[in-house]
file entry_23.cif (mmCIF, C-alpha atoms and all ligand atoms)
data_final
loop_
_atom_site.label_atom_id
_atom_site.label_comp_id
_atom_site.auth_asym_id
_atom_site.auth_seq_id
_atom_site.Cartn_x
_atom_site.Cartn_y
_atom_site.Cartn_z
CA MET A 176 80.95 96.54 213.32
CA LYS A 177 78.83 94.35 211.05
CA THR A 178 79.07 90.56 210.83
CA ARG A 179 77.48 87.83 208.76
CA ALA A 180 75.62 85.45 211.07
CA ALA A 181 73.12 82.61 211.00
CA VAL A 182 70.46 83.81 213.42
CA ALA A 183 68.07 81.45 215.22
CA ARG A 184 64.98 83.68 215.12
CA GLU A 185 62.22 81.20 215.87
CA ALA A 186 62.03 77.63 217.18
CA GLY A 187 61.56 75.05 214.45
CA LYS A 188 62.51 77.40 211.62
CA PRO A 189 65.73 77.35 209.57
CA LEU A 190 68.52 79.72 210.59
CA SER A 191 68.19 83.16 209.06
CA LEU A 192 71.34 84.38 207.29
CA GLU A 193 71.74 88.04 208.10
CA THR A 194 74.23 90.85 208.51
CA ILE A 195 73.92 91.98 212.13
CA ASP A 196 75.73 94.34 214.49
CA LEU A 197 78.53 93.31 216.81
CA ASP A 198 80.00 95.54 219.53
CA GLY A 199 83.74 95.42 220.16
CA PRO A 200 85.32 93.51 223.05
CA ARG A 201 85.01 95.02 226.54
CA GLU A 202 87.25 94.34 229.54
CA GLY A 203 88.44 90.73 229.62
CA GLU A 204 86.87 90.00 226.21
CA VAL A 205 88.24 89.07 222.82
CA LEU A 206 86.94 89.61 219.27
CA VAL A 207 87.47 86.52 217.13
CA GLU A 208 87.07 85.99 213.38
CA ILE A 209 85.56 82.51 213.09
CA LYS A 210 87.06 80.66 210.11
CA ALA A 211 85.21 77.35 210.45
CA THR A 212 82.50 75.86 212.65
CA GLY A 213 81.06 72.39 213.13
CA ILE A 214 77.34 71.64 213.46
CA CYS A 215 76.52 69.60 216.56
CA HIS A 216 73.36 68.16 218.11
CA THR A 217 72.90 70.67 220.84
CA ASP A 218 72.61 73.46 218.27
CA GLU A 219 69.75 71.52 216.66
CA PHE A 220 68.22 70.75 220.07
CA THR A 221 68.05 74.47 220.84
CA LEU A 222 66.91 75.47 217.35
CA SER A 223 64.10 72.89 217.45
CA GLY A 224 62.67 74.50 220.58
CA GLY A 225 63.35 71.38 222.66
CA ASP A 226 65.62 73.25 225.08
CA PRO A 227 63.46 75.12 227.61
CA GLU A 228 66.38 77.46 228.29
CA GLY A 229 66.90 78.26 224.60
CA LEU A 230 66.76 81.97 223.79
CA PHE A 231 65.59 83.63 220.57
CA PRO A 232 66.83 85.43 218.62
CA SER A 233 70.31 84.09 219.16
CA VAL A 234 73.50 83.13 217.34
CA LEU A 235 74.04 79.40 217.91
CA GLY A 236 77.23 77.38 217.32
CA HIS A 237 79.76 76.08 219.84
CA GLU A 238 82.34 74.18 217.75
CA GLY A 239 84.62 76.68 216.04
CA ALA A 240 88.12 77.86 215.28
CA GLY A 241 89.42 81.26 214.27
CA VAL A 242 91.78 84.19 214.73
CA VAL A 243 91.92 86.95 217.35
CA VAL A 244 91.13 90.31 215.73
CA ASP A 245 91.03 92.57 218.78
CA VAL A 246 91.30 92.33 222.56
CA GLY A 247 89.61 94.35 225.30
CA ARG A 248 91.23 95.93 228.35
CA ASN A 249 93.13 93.67 230.75
CA VAL A 250 93.39 90.75 228.34
CA THR A 251 96.83 89.26 228.95
CA SER A 252 96.87 85.71 227.57
CA LEU A 253 95.87 86.52 223.97
CA LYS A 254 96.85 89.04 221.31
CA LYS A 255 95.79 90.01 217.80
CA GLY A 256 96.64 87.26 215.30
CA ASP A 257 96.53 84.36 217.78
CA HIS A 258 94.71 81.25 216.58
CA VAL A 259 92.02 80.07 218.98
CA ILE A 260 89.29 77.54 219.66
CA PRO A 261 86.22 78.80 221.60
CA LEU A 262 85.32 76.89 224.78
CA TYR A 263 81.73 76.39 225.93
CA THR A 264 83.29 75.11 229.16
CA PRO A 265 85.71 77.91 230.13
CA GLU A 266 88.76 77.54 232.33
CA CYS A 267 89.42 80.53 234.62
CA ARG A 268 91.97 78.69 236.82
CA GLN A 269 90.77 80.73 239.80
CA CYS A 270 87.26 79.65 240.83
CA GLU A 271 86.59 77.08 243.51
CA TYR A 272 85.77 74.51 240.85
CA CYS A 273 88.94 75.05 238.78
CA LEU A 274 91.10 75.04 241.92
CA SER A 275 89.50 71.84 243.22
CA ARG A 276 91.17 69.84 240.40
CA LYS A 277 88.15 67.52 240.72
CA THR A 278 86.10 68.93 237.82
CA ASN A 279 86.31 70.89 234.59
CA LEU A 280 83.04 72.72 235.25
CA CYS A 281 84.41 76.23 235.76
CA VAL A 282 81.78 78.50 237.31
CA ALA A 283 83.41 81.90 236.67
CA ILE A 284 80.91 82.99 233.97
CA ARG A 285 78.34 80.24 234.26
CA ALA A 286 75.29 82.32 235.22
CA THR A 287 75.59 84.86 232.42
CA GLN A 288 76.59 82.24 229.82
CA GLY A 289 73.32 80.40 230.44
CA ARG A 290 71.38 83.65 229.99
CA GLY A 291 72.90 84.37 226.58
CA VAL A 292 74.93 87.38 227.66
CA MET A 293 78.54 88.34 228.39
CA PRO A 294 79.78 88.43 232.01
CA ASP A 295 78.76 92.11 232.32
CA GLY A 296 75.15 91.09 231.64
CA THR A 297 74.83 92.51 228.12
CA SER A 298 74.99 91.04 224.62
CA ARG A 299 77.47 92.19 221.97
CA PHE A 300 75.07 91.13 219.17
CA SER A 301 72.14 93.20 217.96
CA ALA A 302 69.98 93.60 214.88
CA GLY A 303 68.66 97.14 214.59
CA LYS A 304 67.05 97.87 217.97
CA ASP A 305 66.71 94.19 218.94
CA THR A 306 69.12 92.29 221.18
CA VAL A 307 70.41 89.06 219.68
CA TYR A 308 71.63 86.61 222.34
CA HIS A 309 74.87 84.68 222.60
CA TYR A 310 74.76 80.88 222.88
CA MET A 311 76.92 78.68 225.14
CA GLY A 312 79.21 81.68 225.43
CA THR A 313 80.56 80.91 221.95
CA SER A 314 78.14 81.80 219.08
CA THR A 315 80.35 80.40 216.36
CA PHE A 316 77.66 80.66 213.64
CA SER A 317 78.84 84.23 213.14
CA ASN A 318 81.84 85.30 211.08
CA PHE A 319 82.89 87.49 214.01
CA THR A 320 82.07 86.82 217.65
CA VAL A 321 83.09 88.12 221.07
CA LEU A 322 84.10 85.77 223.91
CA PRO A 323 85.57 86.07 227.39
CA GLU A 324 89.34 85.52 227.40
CA ILE A 325 88.89 82.49 229.70
CA ALA A 326 86.70 80.83 227.06
CA LEU A 327 89.43 80.64 224.40
CA ALA A 328 92.17 78.06 223.94
CA LYS A 329 95.24 79.37 222.10
CA ILE A 330 96.36 76.85 219.49
CA ARG A 331 99.30 76.50 217.09
CA GLU A 332 99.11 78.49 213.85
CA ASP A 333 99.76 75.66 211.40
CA ALA A 334 96.59 73.77 212.36
CA PRO A 335 93.82 73.87 209.71
CA PHE A 336 90.69 75.64 211.00
CA ASP A 337 88.28 73.44 209.02
CA LYS A 338 89.54 70.34 210.87
CA VAL A 339 90.49 71.48 214.37
CA CYS A 340 87.16 73.27 214.91
CA TYR A 341 85.80 69.77 215.70
CA ILE A 342 88.13 69.70 218.73
CA GLY A 343 85.91 72.46 220.14
CA CYS A 344 83.32 69.82 221.04
CA GLY A 345 83.11 66.31 219.56
CA VAL A 346 86.74 65.21 219.49
CA THR A 347 87.57 66.47 222.99
CA THR A 348 84.35 65.07 224.44
CA GLY A 349 85.00 61.58 223.08
CA LEU A 350 88.72 61.39 223.88
CA GLY A 351 88.24 63.13 227.23
CA ALA A 352 85.46 60.80 228.36
CA VAL A 353 87.95 57.92 227.97
CA MET A 354 91.03 59.61 229.40
CA ASN A 355 89.74 62.14 231.96
CA THR A 356 86.39 60.77 233.12
CA ALA A 357 86.68 56.97 232.88
CA LYS A 358 90.49 56.85 233.04
CA VAL A 359 90.46 53.63 231.02
CA GLU A 360 93.51 51.38 231.49
CA ALA A 361 95.30 49.34 228.82
CA GLY A 362 93.79 45.89 228.38
CA SER A 363 90.24 47.01 229.25
CA ARG A 364 87.10 45.58 227.64
CA CYS A 365 84.78 48.38 226.61
CA VAL A 366 81.34 48.87 225.04
CA VAL A 367 80.41 52.03 223.14
CA PHE A 368 76.72 52.72 222.46
CA GLY A 369 76.19 55.00 219.45
CA LEU A 370 78.81 55.28 216.71
CA GLY A 371 78.29 58.88 215.63
CA GLY A 372 80.46 61.95 215.97
CA ILE A 373 81.02 61.28 219.68
CA GLY A 374 81.13 57.48 219.81
CA LEU A 375 83.77 57.26 217.07
CA ASN A 376 85.99 59.62 219.06
CA VAL A 377 85.45 57.48 222.17
CA ILE A 378 86.62 54.53 220.07
CA GLN A 379 89.79 56.29 218.91
CA GLY A 380 90.46 57.28 222.52
CA LEU A 381 90.06 53.67 223.62
CA ARG A 382 92.49 52.52 220.95
CA MET A 383 95.02 55.16 222.07
CA VAL A 384 94.96 53.97 225.69
CA GLY A 385 95.29 50.33 224.64
CA ALA A 386 91.84 48.88 225.29
CA GLU A 387 91.84 45.19 224.39
CA MET A 388 88.21 44.84 223.35
CA ILE A 389 86.14 47.67 221.85
CA VAL A 390 82.55 46.65 221.20
CA GLY A 391 80.50 49.14 219.17
CA VAL A 392 76.70 49.10 219.36
CA ASP A 393 74.58 50.89 216.74
CA ILE A 394 71.29 50.30 214.93
CA ASN A 395 72.78 51.85 211.79
CA PRO A 396 74.88 49.16 210.04
CA ARG A 397 76.52 51.84 207.87
CA ARG A 398 78.52 52.94 210.91
CA LYS A 399 80.38 49.61 211.17
CA ALA A 400 83.10 50.22 208.59
CA MET A 401 84.08 53.63 209.96
CA ALA A 402 84.10 52.34 213.55
CA GLU A 403 86.41 49.47 212.55
CA LYS A 404 88.80 51.97 210.94
CA PHE A 405 88.90 53.79 214.29
CA GLY A 406 89.62 50.67 216.36
CA MET A 407 86.32 48.88 217.04
CA THR A 408 86.96 45.15 217.45
CA HIS A 409 83.35 43.87 217.60
CA PHE A 410 80.13 45.30 216.13
CA VAL A 411 76.68 44.64 217.57
CA ASN A 412 73.47 45.71 215.87
CA PRO A 413 70.76 45.47 218.57
CA LYS A 414 68.18 44.80 215.84
CA GLU A 415 69.99 41.55 214.98
CA VAL A 416 70.42 40.27 218.55
CA GLN A 417 68.00 37.51 219.59
CA GLY A 418 66.68 38.21 223.10
CA ASP A 419 67.96 40.86 225.51
CA LEU A 420 70.94 42.98 224.55
CA VAL A 421 72.42 43.25 228.08
CA PRO A 422 73.11 39.52 228.69
CA TYR A 423 74.40 39.29 225.12
CA LEU A 424 76.96 42.05 225.82
CA VAL A 425 77.88 40.61 229.24
CA ASP A 426 78.56 37.31 227.56
CA LEU A 427 80.55 38.87 224.71
CA THR A 428 82.77 40.78 227.18
CA LYS A 429 83.23 37.70 229.37
CA GLY A 430 81.46 39.04 232.44
CA GLY A 431 80.67 42.62 231.53
CA ALA A 432 82.37 45.78 230.33
CA ASP A 433 85.13 47.35 232.40
CA TYR A 434 83.88 50.61 230.88
CA SER A 435 80.77 51.44 228.86
CA PHE A 436 79.89 54.73 227.16
CA GLU A 437 76.46 56.03 226.18
CA CYS A 438 76.89 58.33 223.17
CA ILE A 439 73.27 58.66 222.03
CA GLY A 440 71.18 60.57 224.57
CA ASN A 441 68.60 57.78 225.04
CA THR A 442 67.68 57.01 228.67
CA GLN A 443 66.78 53.38 227.89
CA ILE A 444 70.22 52.87 226.40
CA MET A 445 71.82 54.58 229.42
CA ARG A 446 70.28 51.82 231.55
CA GLN A 447 71.57 49.11 229.23
CA ALA A 448 75.01 50.70 229.29
CA LEU A 449 75.09 50.63 233.09
CA GLU A 450 73.76 47.09 233.34
CA CYS A 451 76.27 45.66 230.85
CA ALA A 452 79.11 46.99 233.04
CA HIS A 453 81.07 44.37 234.98
CA ARG A 454 79.81 43.34 238.42
CA GLY A 455 82.11 44.65 241.14
CA TRP A 456 83.98 47.30 239.12
CA GLY A 457 82.36 48.28 235.81
CA LYS A 458 82.01 51.99 235.16
CA SER A 459 79.41 53.45 232.82
CA ILE A 460 79.80 56.96 231.47
CA ILE A 461 76.85 58.98 230.16
CA ILE A 462 77.90 61.34 227.38
CA GLY A 463 74.64 61.66 225.43
CA VAL A 464 72.34 64.53 226.38
CA ALA A 465 68.75 63.37 226.92
CA GLY A 466 65.69 65.49 226.22
CA SER A 467 64.70 67.94 228.93
CA GLY A 468 62.80 66.42 231.85
CA GLN A 469 63.81 62.82 231.08
CA GLU A 470 64.90 60.49 233.88
CA ILE A 471 67.14 57.45 234.15
CA SER A 472 66.38 54.39 236.23
CA THR A 473 67.85 51.08 237.29
CA ARG A 474 67.61 48.81 240.32
CA PRO A 475 69.82 49.94 243.25
CA PHE A 476 71.18 46.38 243.21
CA GLN A 477 73.10 47.32 240.05
CA LEU A 478 75.11 49.92 242.02
CA VAL A 479 75.26 47.99 245.30
CA THR A 480 77.02 45.27 243.37
CA GLY A 481 79.83 47.61 242.45
CA ARG A 482 78.91 49.34 239.22
CA THR A 483 79.52 53.10 238.95
CA TRP A 484 77.28 55.44 236.96
CA MET A 485 78.91 58.69 235.91
CA GLY A 486 78.56 61.45 233.35
CA THR A 487 80.83 63.87 231.57
CA ALA A 488 80.66 67.39 230.17
CA PHE A 489 83.14 68.22 227.40
CA GLY A 490 84.97 65.00 228.29
CA GLY A 491 86.10 66.42 231.61
CA ALA A 492 88.58 68.53 229.65
CA ARG A 493 90.07 71.77 230.96
CA GLY A 494 89.85 73.61 227.69
CA ARG A 495 92.73 76.07 227.77
CA THR A 496 95.08 73.34 228.98
CA ASP A 497 93.84 70.25 227.13
CA VAL A 498 92.59 71.56 223.77
CA PRO A 499 96.03 72.76 222.53
CA ARG A 500 97.43 69.30 223.34
CA ILE A 501 94.70 67.61 221.33
CA VAL A 502 95.49 69.93 218.41
CA ASP A 503 99.10 68.71 218.68
CA TRP A 504 97.89 65.09 218.60
CA TYR A 505 96.04 65.84 215.38
CA MET A 506 99.04 67.58 213.80
CA ASP A 507 101.27 64.65 214.88
CA LYS A 508 98.75 62.25 213.26
CA LYS A 509 98.06 60.50 216.59
CA ILE A 510 94.34 61.05 216.00
CA ASP A 511 92.24 61.11 212.84
CA ILE A 512 89.78 63.94 212.38
CA ASP A 513 89.64 64.17 208.58
CA SER A 514 87.67 60.94 208.06
CA LEU A 515 84.95 62.08 210.45
CA ILE A 516 84.31 65.35 208.61
CA THR A 517 81.98 63.97 205.99
CA HIS A 518 80.73 67.31 204.66
CA VAL A 519 82.26 70.78 204.23
CA LEU A 520 79.79 73.52 203.34
CA PRO A 521 80.02 77.22 202.62
CA PHE A 522 78.34 79.44 205.23
CA GLU A 523 75.38 80.03 202.89
CA GLN A 524 74.51 76.31 203.13
CA ILE A 525 74.52 76.01 206.93
CA ASN A 526 70.87 74.91 206.96
CA GLU A 527 71.73 72.01 204.62
CA GLY A 528 74.25 70.94 207.27
CA PHE A 529 71.44 70.74 209.80
CA ASP A 530 69.36 68.67 207.37
CA LEU A 531 72.25 66.22 206.85
CA MET A 532 72.56 65.80 210.64
CA ARG A 533 68.79 65.31 211.10
CA ARG A 534 68.77 62.64 208.40
CA GLY A 535 71.78 60.86 209.99
CA GLU A 536 73.75 61.21 206.74
CA SER A 537 76.71 63.10 208.14
CA ILE A 538 79.11 62.35 210.95
CA ARG A 539 80.29 65.94 211.09
CA SER A 540 79.46 68.82 208.79
CA VAL A 541 81.82 71.76 208.95
CA VAL A 542 80.84 75.21 207.70
CA VAL A 543 83.59 77.51 206.40
CA PHE A 544 83.32 81.29 206.21
P1 LIG B 1 75.14 61.12 216.28
O1 LIG B 1 73.74 61.34 215.86
O2 LIG B 1 76.24 61.42 215.34
O3 LIG B 1 75.34 59.62 216.76
C1 LIG B 1 74.37 58.89 217.44
C2 LIG B 1 74.46 57.44 216.98
O4 LIG B 1 73.61 56.66 217.81
C3 LIG B 1 74.02 57.23 215.55
O5 LIG B 1 75.02 56.51 214.83
C4 LIG B 1 72.72 56.41 215.68
O6 LIG B 1 72.54 55.47 214.62
C5 LIG B 1 72.96 55.70 217.00
N1 LIG B 1 71.72 55.29 217.68
C6 LIG B 1 70.55 55.99 217.78
N2 LIG B 1 69.65 55.28 218.48
C7 LIG B 1 70.26 54.12 218.84
C8 LIG B 1 69.84 52.98 219.58
N3 LIG B 1 68.61 52.90 220.11
N4 LIG B 1 70.72 51.97 219.77
C9 LIG B 1 71.96 52.05 219.24
N5 LIG B 1 72.41 53.10 218.49
C10 LIG B 1 71.57 54.12 218.31
O7 LIG B 1 75.35 61.99 217.62
P2 LIG B 1 76.73 62.48 218.26
O8 LIG B 1 77.16 63.74 217.61
O9 LIG B 1 77.66 61.33 218.30
O10 LIG B 1 76.24 62.87 219.73
C11 LIG B 1 75.81 61.86 220.62
C12 LIG B 1 75.27 62.47 221.89
O11 LIG B 1 76.32 63.09 222.62
C13 LIG B 1 74.23 63.57 221.70
O12 LIG B 1 73.20 63.39 222.65
C14 LIG B 1 75.00 64.83 221.98
O13 LIG B 1 74.17 65.88 222.41
C15 LIG B 1 75.90 64.35 223.09
N6 LIG B 1 77.07 65.19 223.40
C16 LIG B 1 77.40 65.31 224.72
C17 LIG B 1 78.49 66.06 225.09
C18 LIG B 1 78.88 66.16 226.52
O14 LIG B 1 79.75 66.98 226.87
N7 LIG B 1 78.32 65.37 227.43
C19 LIG B 1 79.26 66.70 224.11
C20 LIG B 1 78.92 66.52 222.77
C21 LIG B 1 77.82 65.76 222.43
C1 LIG B 2 77.75 69.82 223.48
N1 LIG B 2 76.87 69.34 224.37
C2 LIG B 2 76.03 68.51 223.72
C3 LIG B 2 76.42 68.49 222.42
N2 LIG B 2 77.48 69.31 222.29
C4 LIG B 2 76.84 69.63 225.72
C5 LIG B 2 75.69 70.14 226.28
C6 LIG B 2 75.65 70.41 227.63
C7 LIG B 2 76.75 70.18 228.44
C8 LIG B 2 77.91 69.70 227.86
C9 LIG B 2 77.95 69.42 226.50
C10 LIG B 2 76.69 70.41 229.84
C11 LIG B 2 76.89 69.45 230.82
C12 LIG B 2 76.75 70.06 232.05
C13 LIG B 2 76.48 71.38 231.81
N3 LIG B 2 76.41 71.61 230.47
C14 LIG B 2 76.27 72.40 232.87
C15 LIG B 2 77.56 73.01 233.25
C16 LIG B 2 77.43 73.85 234.50
O1 LIG B 2 76.31 74.08 234.93
O2 LIG B 2 78.47 74.25 235.01
C17 LIG B 2 76.14 72.83 229.87
C18 LIG B 2 77.18 73.63 229.39
C19 LIG B 2 76.90 74.89 228.80
C20 LIG B 2 75.59 75.33 228.71
C21 LIG B 2 74.57 74.54 229.18
C22 LIG B 2 74.86 73.29 229.76
C23 LIG B 2 75.32 76.68 228.12
O3 LIG B 2 76.20 77.46 227.88
N4 LIG B 2 74.09 77.03 227.83
C24 LIG B 2 78.61 73.18 229.46
ZN ZN B 3 78.61 69.81 220.67
#
call {"tool": "encode", "arguments": {"input": "entry_23.cif", "output": "structure tokens"}}
result
Amino acid sequence: MKTRAAVAREAGKPLSLETIDLDGPREGEVLVEIKATGICHTDEFTLSGGDPEGLFPSVLGHEGAGVVVDVGRNVTSLKKGDHVIPLYTPECRQCEYCLSRKTNLCVAIRATQGRGVMPDGTSRFSAGKDTVYHYMGTSTFSNFTVLPEIALAKIREDAPFDKVCYIGCGVTTGLGAVMNTAKVEAGSRCVVFGLGGIGLNVIQGLRMVGAEMIVGVDINPRRKAMAEKFGMTHFVNPKEVQGDLVPYLVDLTKGGADYSFECIGNTQIMRQALECAHRGWGKSIIIGVAGSGQEISTRPFQLVTGRTWMGTAFGGARGRTDVPRIVDWYMDKKIDIDSLITHVLPFEQINEGFDLMRRGESIRSVVVF
């Protein structure tokens, strides 16, 4: 079949809007009509050429929602008409990692996903004679896309696609970092570095679990009002702090943060986030993705004195299990997604969505087909 897609043809160039070919679903695969997709930083990171593993030409996009159109052989958990959210972290429920219960990093299709192909080693996308690669196993910047069954969460049918697509990455990552990775308790004092599409979801997660103090740190003062709406209790602009930021935050939290979250992708800030954590028990969670080849550092003393440095992928969420529950939270108005979607664009304007993100003007842009 044919599908409209935004193709990443060359690093550093805008996406090319094309009609390309898509093969039907093979065994264990599902054809999905994408109705809406969010634009997230890792799409831009790959498009810019900054990701050494980025493949071209490819169909980017990993934050979508849509409807099952067709299923391949031996697909049992999904049928035509089901509403779904693609998962860049699949959940097979059978691999050593899934069975361990210690991690969400399913390895069932990991090798082929990283190489831009389906589990059988081939791509469903092509343009004339040329192969077009998949991306993160999801490729949501295409009106139709094929995914493995284990990389789809089935969701309720009354949920609006142009809102719940954000649960495919940003919302789940932020809430999950609080609930699955840090396991924040009520009454905690917390510091969140970076109040963008991830940090604001960390803040709403912290409010949900009953954190007592939620300090937000951002160099962009325009993020303060939105963060307060989501539950931030104290705002710190590092540019306005006299002297070092770390002692300032330790003082503000009366000894250090029980939990801190880095939601930027800056290795200097990752260090500050660790070092503002409370002596003896503070945990610091890295969510931001740093540029390739970058390293973090601190003095071992920081860890010897009881701080824990950890990281999270997709908020530690098991997608097929956790994503439908988060959709329910949205439908039950337990979480706010609408305020974070600052721009809705037709597919033809997807490149404008990237520009808004680069300029820091959007929190989330959603593209609708
Ligand atoms: P964003 O651009 O919306 O937000 C980043 C915020 O950080 C902005 O408000 C910006 O003003 C602020 N900031 C930048 N430099 C700063 C500094 N030096 N000090 C304080 N604040 C600063 O980005 P986002 O969508 O929220 O994503 C944040 C990071 O999370 C990215 O690196 C993204 O790739 C990563 N991410 C990770 C996962 C995961 O599973 N680990 C999932 C999704 C996103
Ligand atoms: C999503 N991310 C950033 C912004 N939006 C993001 C990027 C990478 C990861 C998670 C979220 C990530 C963390 C750890 C891994 N990845 C490796 C997982 C593993 O090896 O099992 C990651 C993921 C997918 C891909 C690359 C890296 C990919 O499909 N290319 C989950
Ligand atoms: Zn993302």
call {"tool": "atom_distance", "arguments": {"input": "entry_23.cif", "atom1": "CA of His258 (chain A)", "atom2": "atom O1 of ligand LIG 2 (chain B)"}}
result
27.0 Å
call {"tool": "residues_near_ligand", "arguments": {"input": "entry_23.cif", "ligand": "ligand LIG 2 (chain B)", "cutoff": "7 Å", "atoms": "all atoms listed in the file", "output": "ChimeraX atom specification"}}
result
/A:215-217,263-264,280-282,285,288-289,310-312,344-345,464,487-489
call {"tool": "closest_residue", "arguments": {"input": "entry_23.cif", "among": "A:Val346, A:Met354, A:Ala361, A:Ala180", "to": "ligand ZN 3 (chain B)", "atoms": "only C-alpha atoms and all ligand atoms"}}
result
A:Val346
call {"tool": "residues_near_point", "arguments": {"input": "entry_23.cif", "point": "(99.7, 82.6, 215.5)", "cutoff": "10 Å", "atoms": "all atoms listed in the file", "output": "list in words"}}
result
Val242, Val243, Lys254, Lys255, Gly256, Asp257, His258, Val259, Lys329, Ile330, Arg331, Glu332, Asp333 and Ala334 of chain A
call {"tool": "atom_distance", "arguments": {"input": "entry_23.cif", "atom1": "CA of Ala400 (chain A)", "atom2": "CA of Ala465 (chain A)"}}
result
26.7 Å
call {"tool": "closest_atom_pairs", "arguments": {"input": "entry_23.cif", "of": "chain A", "to": "ligand ZN 3 (chain B)", "cutoff": "12 Å", "atoms": "only C-alpha atoms and all ligand atoms", "output": "JSON lines"}}
result
{"residue": "A:Thr212", "atom": "CA", "partner": "B:ZN3", "partner_atom": "ZN", "distance": 10.8}
{"residue": "A:Gly213", "atom": "CA", "partner": "B:ZN3", "partner_atom": "ZN", "distance": 8.3}
{"residue": "A:Ile214", "atom": "CA", "partner": "B:ZN3", "partner_atom": "ZN", "distance": 7.5}
{"residue": "A:Cys215", "atom": "CA", "partner": "B:ZN3", "partner_atom": "ZN", "distance": 4.6}
{"residue": "A:His216", "atom": "CA", "partner": "B:ZN3", "partner_atom": "ZN", "distance": 6.1}
{"residue": "A:Thr217", "atom": "CA", "partner": "B:ZN3", "partner_atom": "ZN", "distance": 5.8}
{"residue": "A:Asp218", "atom": "CA", "partner": "B:ZN3", "partner_atom": "ZN", "distance": 7.4}
{"residue": "A:Glu219", "atom": "CA", "partner": "B:ZN3", "partner_atom": "ZN", "distance": 9.9}
{"residue": "A:Phe220", "atom": "CA", "partner": "B:ZN3", "partner_atom": "ZN", "distance": 10.4}
{"residue": "A:Thr221", "atom": "CA", "partner": "B:ZN3", "partner_atom": "ZN", "distance": 11.5}
{"residue": "A:Leu235", "atom": "CA", "partner": "B:ZN3", "partner_atom": "ZN", "distance": 11.0}
{"residue": "A:Gly236", "atom": "CA", "partner": "B:ZN3", "partner_atom": "ZN", "distance": 8.4}
{"residue": "A:His237", "atom": "CA", "partner": "B:ZN3", "partner_atom": "ZN", "distance": 6.4}
{"residue": "A:Glu238", "atom": "CA", "partner": "B:ZN3", "partner_atom": "ZN", "distance": 6.4}
{"residue": "A:Gly239", "atom": "CA", "partner": "B:ZN3", "partner_atom": "ZN", "distance": 10.2}
{"residue": "A:Pro261", "atom": "CA", "partner": "B:ZN3", "partner_atom": "ZN", "distance": 11.8}
{"residue": "A:Leu262", "atom": "CA", "partner": "B:ZN3", "partner_atom": "ZN", "distance": 10.6}
{"residue": "A:Tyr263", "atom": "CA", "partner": "B:ZN3", "partner_atom": "ZN", "distance": 9.0}
{"residue": "A:Thr264", "atom": "CA", "partner": "B:ZN3", "partner_atom": "ZN", "distance": 11.0}
{"residue": "A:Tyr310", "atom": "CA", "partner": "B:ZN3", "partner_atom": "ZN", "distance": 11.9}
{"residue": "A:Met311", "atom": "CA", "partner": "B:ZN3", "partner_atom": "ZN", "distance": 10.1}
{"residue": "A:Thr313", "atom": "CA", "partner": "B:ZN3", "partner_atom": "ZN", "distance": 11.3}
{"residue": "A:Thr315", "atom": "CA", "partner": "B:ZN3", "partner_atom": "ZN", "distance": 11.6}
{"residue": "A:Cys340", "atom": "CA", "partner": "B:ZN3", "partner_atom": "ZN", "distance": 10.9}
{"residue": "A:Tyr341", "atom": "CA", "partner": "B:ZN3", "partner_atom": "ZN", "distance": 8.7}
{"residue": "A:Ile342", "atom": "CA", "partner": "B:ZN3", "partner_atom": "ZN", "distance": 9.7}
{"residue": "A:Gly343", "atom": "CA", "partner": "B:ZN3", "partner_atom": "ZN", "distance": 7.8}
{"residue": "A:Cys344", "atom": "CA", "partner": "B:ZN3", "partner_atom": "ZN", "distance": 4.7}
{"residue": "A:Gly345", "atom": "CA", "partner": "B:ZN3", "partner_atom": "ZN", "distance": 5.8}
{"residue": "A:Val346", "atom": "CA", "partner": "B:ZN3", "partner_atom": "ZN", "distance": 9.4}
{"residue": "A:Thr347", "atom": "CA", "partner": "B:ZN3", "partner_atom": "ZN", "distance": 9.8}
{"residue": "A:Thr348", "atom": "CA", "partner": "B:ZN3", "partner_atom": "ZN", "distance": 8.3}
{"residue": "A:Gly349", "atom": "CA", "partner": "B:ZN3", "partner_atom": "ZN", "distance": 10.7}
{"residue": "A:Gly372", "atom": "CA", "partner": "B:ZN3", "partner_atom": "ZN", "distance": 9.3}
{"residue": "A:Ile373", "atom": "CA", "partner": "B:ZN3", "partner_atom": "ZN", "distance": 8.9}
{"residue": "A:Cys438", "atom": "CA", "partner": "B:ZN3", "partner_atom": "ZN", "distance": 11.9}
{"residue": "A:Ile462", "atom": "CA", "partner": "B:ZN3", "partner_atom": "ZN", "distance": 10.8}
{"residue": "A:Gly463", "atom": "CA", "partner": "B:ZN3", "partner_atom": "ZN", "distance": 10.2}
{"residue": "A:Val464", "atom": "CA", "partner": "B:ZN3", "partner_atom": "ZN", "distance": 10.0}
{"residue": "A:Ala488", "atom": "CA", "partner": "B:ZN3", "partner_atom": "ZN", "distance": 10.0}
{"residue": "A:Phe489", "atom": "CA", "partner": "B:ZN3", "partner_atom": "ZN", "distance": 8.3}
{"residue": "A:Gly490", "atom": "CA", "partner": "B:ZN3", "partner_atom": "ZN", "distance": 11.0}
{"residue": "A:Arg539", "atom": "CA", "partner": "B:ZN3", "partner_atom": "ZN", "distance": 10.5}
{"residue": "A:Ser540", "atom": "CA", "partner": "B:ZN3", "partner_atom": "ZN", "distance": 12.0}
call {"tool": "atom_distance", "arguments": {"input": "entry_23.cif", "atom1": "atom C12 of ligand LIG 1 (chain B)", "atom2": "CA of Arg268 (chain A)"}}
result
27.7 Å
call {"tool": "closest_residue", "arguments": {"input": "entry_23.cif", "among": "A:Gly187, A:Gly491, A:Pro323, A:Gly296", "to": "ligand LIG 1 (chain B)", "atoms": "only C-alpha atoms and all ligand atoms"}}
result
A:Gly491
